[in-house]
Amino acid sequence: MSIHKRSIMSGVLGATASFVAKLALAPESPVPSAVDSFCRDSLMLQLGSPENHIPWLCPAITLVTRGVCLLCMVMLNVLMLSSFLDGMNESGSVVGTALSTAANFSSSAFYGILFFQENVPVSWYMGASLIAGGMYILSSVELITSS
């Protein structure tokens, strides 16, 4: 199975890039609201009263935080593409693509359930177990090289 690590890693990196983008841009994301409330609380402690509050500072810090998340997403996508190409070279295009897609699907669901409290029906878990079984079968395949 060690030959297929890069294909699986590319799927996980792709899902992580999507997760970071959702943290930066989704309205229900906890990151912008947490940064904004932390900024406002810190300013209240430092400046004392709301009259002294610099009105543009907290939105600017929130915007910078979103920009950092987007830069992380781009870097994760670069790493994902690099490992995907390496995985296709190591595993073959069909196996590499299938393993990457399955790992991406599983990781995306994991992030959604864990961090965004997304509801997943029982039928999804049944399908995910079939995908996991398929990943195991594909990862146990050995490539035959012609001489």
# chains A, B, ... in the order shown; residues from 1 in each chain; ligands from 1
call {"tool": "closest_atom_pairs", "arguments": {"of": "segment 3-95 of chain A", "to": "segment 105-119 of chain A", "cutoff": "7 Å", "atoms": "only C-alpha atoms", "output": "Markdown table"}}
result
| residue | atom | partner | partner_atom | distance |
| --- | --- | --- | --- | --- |
| A:Val12 | CA | A:Ser107 | CA | 5.8 |
| A:Ala15 | CA | A:Ser108 | CA | 5.1 |
| A:Phe19 | CA | A:Tyr111 | CA | 6.8 |
call {"tool": "write_last_selection", "arguments": {"atoms": "C-alpha atoms", "output": "PDB file, in the first residue's frame"}}
result
ATOM      1  CA  VAL A  12      -6.789  14.739   1.712  1.00  0.00           C
ATOM      2  CA  ALA A  15     -10.303  18.428   0.924  1.00  0.00           C
ATOM      3  CA  PHE A  19     -12.080  23.289   4.199  1.00  0.00           C
TER       4      PHE A  19
END
call {"tool": "residues_around", "arguments": {"residues": "Met75 of chain A", "least_positions_apart": "6", "cutoff": "12 Å", "atoms": "only C-alpha atoms", "output": "list of chain:residue names"}}
result
A:Leu13, A:Gly14, A:Thr16, A:Ala17, A:Ser18, A:Val20, A:Ala21, A:Val68, A:Cys69, A:Leu81, A:Ser82
call {"tool": "write_last_selection", "arguments": {"atoms": "C-alpha atoms", "output": "PDB file, in the first residue's frame"}}
result
ATOM      1  CA  LEU A  13      -4.878  17.899   0.723  1.00  0.00           C
ATOM      2  CA  GLY A  14      -7.630  18.853  -1.737  1.00  0.00           C
ATOM      3  CA  THR A  16      -8.213  20.419   3.390  1.00  0.00           C
ATOM      4  CA  ALA A  17      -7.859  23.232   0.850  1.00  0.00           C
ATOM      5  CA  SER A  18     -11.645  23.307   0.431  1.00  0.00           C
ATOM      6  CA  VAL A  20      -9.729  26.261   4.621  1.00  0.00           C
ATOM      7  CA  ALA A  21     -11.563  28.142   1.850  1.00  0.00           C
ATOM      8  CA  VAL A  68      -4.361  34.430   4.977  1.00  0.00           C
ATOM      9  CA  CYS A  69      -6.840  31.546   4.797  1.00  0.00           C
ATOM     10  CA  LEU A  81      -1.517  18.968  -7.463  1.00  0.00           C
ATOM     11  CA  SER A  82       2.102  18.030  -6.917  1.00  0.00           C
TER      12      SER A  82
END
call {"tool": "atom_distance", "arguments": {"atom1": "atom CA of Ala103 of chain A", "atom2": "atom CA of Ile131 of chain A"}}
result
9.0 Å
call {"tool": "residues_around", "arguments": {"residues": "Val64 of chain A", "least_positions_apart": "6", "cutoff": "10 Å", "atoms": "only C-alpha atoms", "output": "compact mmCIF listing (two decimals) with N, CA, C and O atoms, in the first residue's frame"}}
result
# COMPACT_ATOMS: atom_id res chain seq x y z
N PRO A 32 -14.20 34.15 10.90
CA PRO A 32 -14.35 35.62 10.84
C PRO A 32 -15.06 36.20 12.07
O PRO A 32 -14.64 37.24 12.58
N CYS A 58 -11.12 46.49 13.11
CA CYS A 58 -11.58 45.09 13.22
C CYS A 58 -12.00 44.50 11.88
O CYS A 58 -11.64 43.36 11.57
N LEU A 70 -7.12 32.22 2.48
CA LEU A 70 -7.13 31.99 1.03
C LEU A 70 -5.73 31.68 0.51
O LEU A 70 -5.57 30.83 -0.38
call {"tool": "atom_distance", "arguments": {"atom1": "atom CA of Gly11 of chain A", "atom2": "atom CA of Gly67 of chain A"}}
result
23.4 Å
call {"tool": "select_by_dssp", "arguments": {"residues": "segment 20-143 of chain A", "states": "alpha helix (DSSP H)", "output": "NGL selection string"}}
result
:A and (20-25 or 30-47 or 57-91 or 93-116 or 122-139)
call {"tool": "closest_residue", "arguments": {"among": "A:Leu25, A:Leu99, A:Leu138, A:Cys72", "to": "Phe84 of chain A", "atoms": "only C-alpha atoms"}}
result
A:Leu99
call {"tool": "residues_around", "arguments": {"residues": "Ala34 of chain A", "least_positions_apart": "4", "cutoff": "12 Å", "atoms": "only C-alpha atoms", "output": "PDB file with all heavy atoms, in the first residue's frame"}}
result
ATOM      1  N   LEU A  23     -13.641  28.011   5.615  1.00  0.00           N
ATOM      2  CA  LEU A  23     -13.385  28.781   6.835  1.00  0.00           C
ATOM      3  C   LEU A  23     -13.250  30.267   6.517  1.00  0.00           C
ATOM      4  O   LEU A  23     -13.688  31.118   7.287  1.00  0.00           O
ATOM      5  CB  LEU A  23     -12.114  28.298   7.526  1.00  0.00           C
ATOM      6  CG  LEU A  23     -12.191  27.027   8.348  1.00  0.00           C
ATOM      7  CD1 LEU A  23     -10.818  26.704   8.934  1.00  0.00           C
ATOM      8  CD2 LEU A  23     -13.215  27.138   9.456  1.00  0.00           C
ATOM      9  N   ALA A  24     -12.639  30.572   5.397  1.00  0.00           N
ATOM     10  CA  ALA A  24     -12.403  31.969   5.044  1.00  0.00           C
ATOM     11  C   ALA A  24     -13.655  32.660   4.522  1.00  0.00           C
ATOM     12  O   ALA A  24     -13.882  33.829   4.817  1.00  0.00           O
ATOM     13  CB  ALA A  24     -11.301  32.058   3.998  1.00  0.00           C
ATOM     14  N   GLU A  28     -21.367  31.075   7.613  1.00  0.00           N
ATOM     15  CA  GLU A  28     -21.524  30.376   8.885  1.00  0.00           C
ATOM     16  C   GLU A  28     -20.193  29.967   9.513  1.00  0.00           C
ATOM     17  O   GLU A  28     -20.163  29.310  10.543  1.00  0.00           O
ATOM     18  CB  GLU A  28     -22.420  29.139   8.715  1.00  0.00           C
ATOM     19  CG  GLU A  28     -21.797  28.001   7.921  1.00  0.00           C
ATOM     20  CD  GLU A  28     -21.991  28.089   6.428  1.00  0.00           C
ATOM     21  OE1 GLU A  28     -22.524  29.089   5.919  1.00  0.00           O
ATOM     22  OE2 GLU A  28     -21.591  27.141   5.738  1.00  0.00           O
ATOM     23  N   SER A  29     -19.093  30.376   8.904  1.00  0.00           N
ATOM     24  CA  SER A  29     -17.770  30.020   9.405  1.00  0.00           C
ATOM     25  C   SER A  29     -17.499  30.686  10.754  1.00  0.00           C
ATOM     26  O   SER A  29     -17.785  31.866  10.940  1.00  0.00           O
ATOM     27  CB  SER A  29     -16.703  30.448   8.404  1.00  0.00           C
ATOM     28  OG  SER A  29     -15.426  30.281   8.958  1.00  0.00           O
ATOM     29  N   PRO A  30     -16.912  29.941  11.674  1.00  0.00           N
ATOM     30  CA  PRO A  30     -16.611  30.535  12.983  1.00  0.00           C
ATOM     31  C   PRO A  30     -15.382  31.448  12.987  1.00  0.00           C
ATOM     32  O   PRO A  30     -15.220  32.251  13.901  1.00  0.00           O
ATOM     33  CB  PRO A  30     -16.364  29.306  13.866  1.00  0.00           C
ATOM     34  CG  PRO A  30     -15.896  28.252  12.931  1.00  0.00           C
ATOM     35  CD  PRO A  30     -16.618  28.521  11.628  1.00  0.00           C
ATOM     36  N   PHE A  38     -12.904  38.825  18.991  1.00  0.00           N
ATOM     37  CA  PHE A  38     -11.641  38.947  19.722  1.00  0.00           C
ATOM     38  C   PHE A  38     -11.053  40.342  19.553  1.00  0.00           C
ATOM     39  O   PHE A  38     -10.569  40.956  20.513  1.00  0.00           O
ATOM     40  CB  PHE A  38     -10.638  37.882  19.250  1.00  0.00           C
ATOM     41  CG  PHE A  38      -9.301  37.992  19.905  1.00  0.00           C
ATOM     42  CD1 PHE A  38      -9.119  37.557  21.208  1.00  0.00           C
ATOM     43  CD2 PHE A  38      -8.222  38.543  19.233  1.00  0.00           C
ATOM     44  CE1 PHE A  38      -7.876  37.662  21.832  1.00  0.00           C
ATOM     45  CE2 PHE A  38      -6.984  38.651  19.838  1.00  0.00           C
ATOM     46  CZ  PHE A  38      -6.814  38.217  21.146  1.00  0.00           C
ATOM     47  N   CYS A  39     -11.098  40.863  18.334  1.00  0.00           N
ATOM     48  CA  CYS A  39     -10.575  42.196  18.055  1.00  0.00           C
ATOM     49  C   CYS A  39     -11.351  43.250  18.841  1.00  0.00           C
ATOM     50  O   CYS A  39     -10.766  44.124  19.481  1.00  0.00           O
ATOM     51  CB  CYS A  39     -10.656  42.474  16.560  1.00  0.00           C
ATOM     52  SG  CYS A  39     -10.128  44.138  16.100  1.00  0.00           S
ATOM     53  N   ARG A  40     -12.674  43.168  18.799  1.00  0.00           N
ATOM     54  CA  ARG A  40     -13.499  44.155  19.512  1.00  0.00           C
ATOM     55  C   ARG A  40     -13.271  44.075  21.023  1.00  0.00           C
ATOM     56  O   ARG A  40     -13.180  45.110  21.687  1.00  0.00           O
ATOM     57  CB  ARG A  40     -14.961  43.964  19.165  1.00  0.00           C
ATOM     58  CG  ARG A  40     -15.255  44.322  17.724  1.00  0.00           C
ATOM     59  CD  ARG A  40     -16.736  44.247  17.373  1.00  0.00           C
ATOM     60  NE  ARG A  40     -16.928  44.303  15.950  1.00  0.00           N
ATOM     61  CZ  ARG A  40     -16.794  45.390  15.203  1.00  0.00           C
ATOM     62  NH1 ARG A  40     -16.441  46.521  15.748  1.00  0.00           N
ATOM     63  NH2 ARG A  40     -16.996  45.343  13.905  1.00  0.00           N
ATOM     64  N   ASP A  41     -13.172  42.860  21.564  1.00  0.00           N
ATOM     65  CA  ASP A  41     -12.916  42.715  23.002  1.00  0.00           C
ATOM     66  C   ASP A  41     -11.543  43.262  23.368  1.00  0.00           C
ATOM     67  O   ASP A  41     -11.387  43.930  24.394  1.00  0.00           O
ATOM     68  CB  ASP A  41     -13.023  41.251  23.424  1.00  0.00           C
ATOM     69  CG  ASP A  41     -14.439  40.713  23.322  1.00  0.00           C
ATOM     70  OD1 ASP A  41     -15.384  41.523  23.206  1.00  0.00           O
ATOM     71  OD2 ASP A  41     -14.592  39.473  23.333  1.00  0.00           O
ATOM     72  N   SER A  42     -10.547  42.999  22.537  1.00  0.00           N
ATOM     73  CA  SER A  42      -9.195  43.496  22.798  1.00  0.00           C
ATOM     74  C   SER A  42      -9.148  45.018  22.744  1.00  0.00           C
ATOM     75  O   SER A  42      -8.495  45.666  23.560  1.00  0.00           O
ATOM     76  CB  SER A  42      -8.203  42.926  21.794  1.00  0.00           C
ATOM     77  OG  SER A  42      -8.126  41.539  21.938  1.00  0.00           O
ATOM     78  N   CYS A  58     -11.123  46.488  13.107  1.00  0.00           N
ATOM     79  CA  CYS A  58     -11.576  45.091  13.221  1.00  0.00           C
ATOM     80  C   CYS A  58     -12.005  44.501  11.881  1.00  0.00           C
ATOM     81  O   CYS A  58     -11.640  43.362  11.573  1.00  0.00           O
ATOM     82  CB  CYS A  58     -12.687  44.983  14.265  1.00  0.00           C
ATOM     83  SG  CYS A  58     -12.053  45.192  15.944  1.00  0.00           S
ATOM     84  N   PRO A  59     -12.767  45.236  11.049  1.00  0.00           N
ATOM     85  CA  PRO A  59     -13.058  44.681   9.720  1.00  0.00           C
ATOM     86  C   PRO A  59     -11.798  44.437   8.890  1.00  0.00           C
ATOM     87  O   PRO A  59     -11.720  43.464   8.140  1.00  0.00           O
ATOM     88  CB  PRO A  59     -13.956  45.737   9.072  1.00  0.00           C
ATOM     89  CG  PRO A  59     -14.602  46.425  10.215  1.00  0.00           C
ATOM     90  CD  PRO A  59     -13.562  46.441  11.307  1.00  0.00           C
ATOM     91  N   ILE A  61      -8.777  43.639  10.095  1.00  0.00           N
ATOM     92  CA  ILE A  61      -8.113  42.445  10.632  1.00  0.00           C
ATOM     93  C   ILE A  61      -8.860  41.183  10.191  1.00  0.00           C
ATOM     94  O   ILE A  61      -8.237  40.178   9.837  1.00  0.00           O
ATOM     95  CB  ILE A  61      -8.005  42.540  12.167  1.00  0.00           C
ATOM     96  CG1 ILE A  61      -7.004  43.630  12.537  1.00  0.00           C
ATOM     97  CG2 ILE A  61      -7.598  41.208  12.778  1.00  0.00           C
ATOM     98  CD1 ILE A  61      -6.930  43.953  14.010  1.00  0.00           C
ATOM     99  N   THR A  62     -10.182  41.244  10.180  1.00  0.00           N
ATOM    100  CA  THR A  62     -10.977  40.107   9.705  1.00  0.00           C
ATOM    101  C   THR A  62     -10.694  39.838   8.231  1.00  0.00           C
ATOM    102  O   THR A  62     -10.549  38.681   7.819  1.00  0.00           O
ATOM    103  CB  THR A  62     -12.475  40.381   9.928  1.00  0.00           C
ATOM    104  OG1 THR A  62     -12.701  40.628  11.315  1.00  0.00           O
ATOM    105  CG2 THR A  62     -13.314  39.209   9.476  1.00  0.00           C
ATOM    106  N   THR A  65      -7.349  38.177   7.901  1.00  0.00           N
ATOM    107  CA  THR A  65      -7.461  36.773   8.296  1.00  0.00           C
ATOM    108  C   THR A  65      -8.045  35.935   7.159  1.00  0.00           C
ATOM    109  O   THR A  65      -7.570  34.833   6.876  1.00  0.00           O
ATOM    110  CB  THR A  65      -8.344  36.635   9.558  1.00  0.00           C
ATOM    111  OG1 THR A  65      -7.790  37.440  10.586  1.00  0.00           O
ATOM    112  CG2 THR A  65      -8.441  35.200  10.003  1.00  0.00           C
ATOM    113  N   ARG A  66      -9.063  36.461   6.504  1.00  0.00           N
ATOM    114  CA  ARG A  66      -9.636  35.749   5.353  1.00  0.00           C
ATOM    115  C   ARG A  66      -8.601  35.608   4.236  1.00  0.00           C
ATOM    116  O   ARG A  66      -8.512  34.571   3.593  1.00  0.00           O
ATOM    117  CB  ARG A  66     -10.872  36.475   4.841  1.00  0.00           C
ATOM    118  CG  ARG A  66     -12.058  36.330   5.745  1.00  0.00           C
ATOM    119  CD  ARG A  66     -13.247  37.101   5.215  1.00  0.00           C
ATOM    120  NE  ARG A  66     -14.369  36.949   6.124  1.00  0.00           N
ATOM    121  CZ  ARG A  66     -15.592  36.687   5.733  1.00  0.00           C
ATOM    122  NH1 ARG A  66     -15.872  36.580   4.451  1.00  0.00           N
ATOM    123  NH2 ARG A  66     -16.561  36.550   6.615  1.00  0.00           N
TER     124      ARG A  66
END
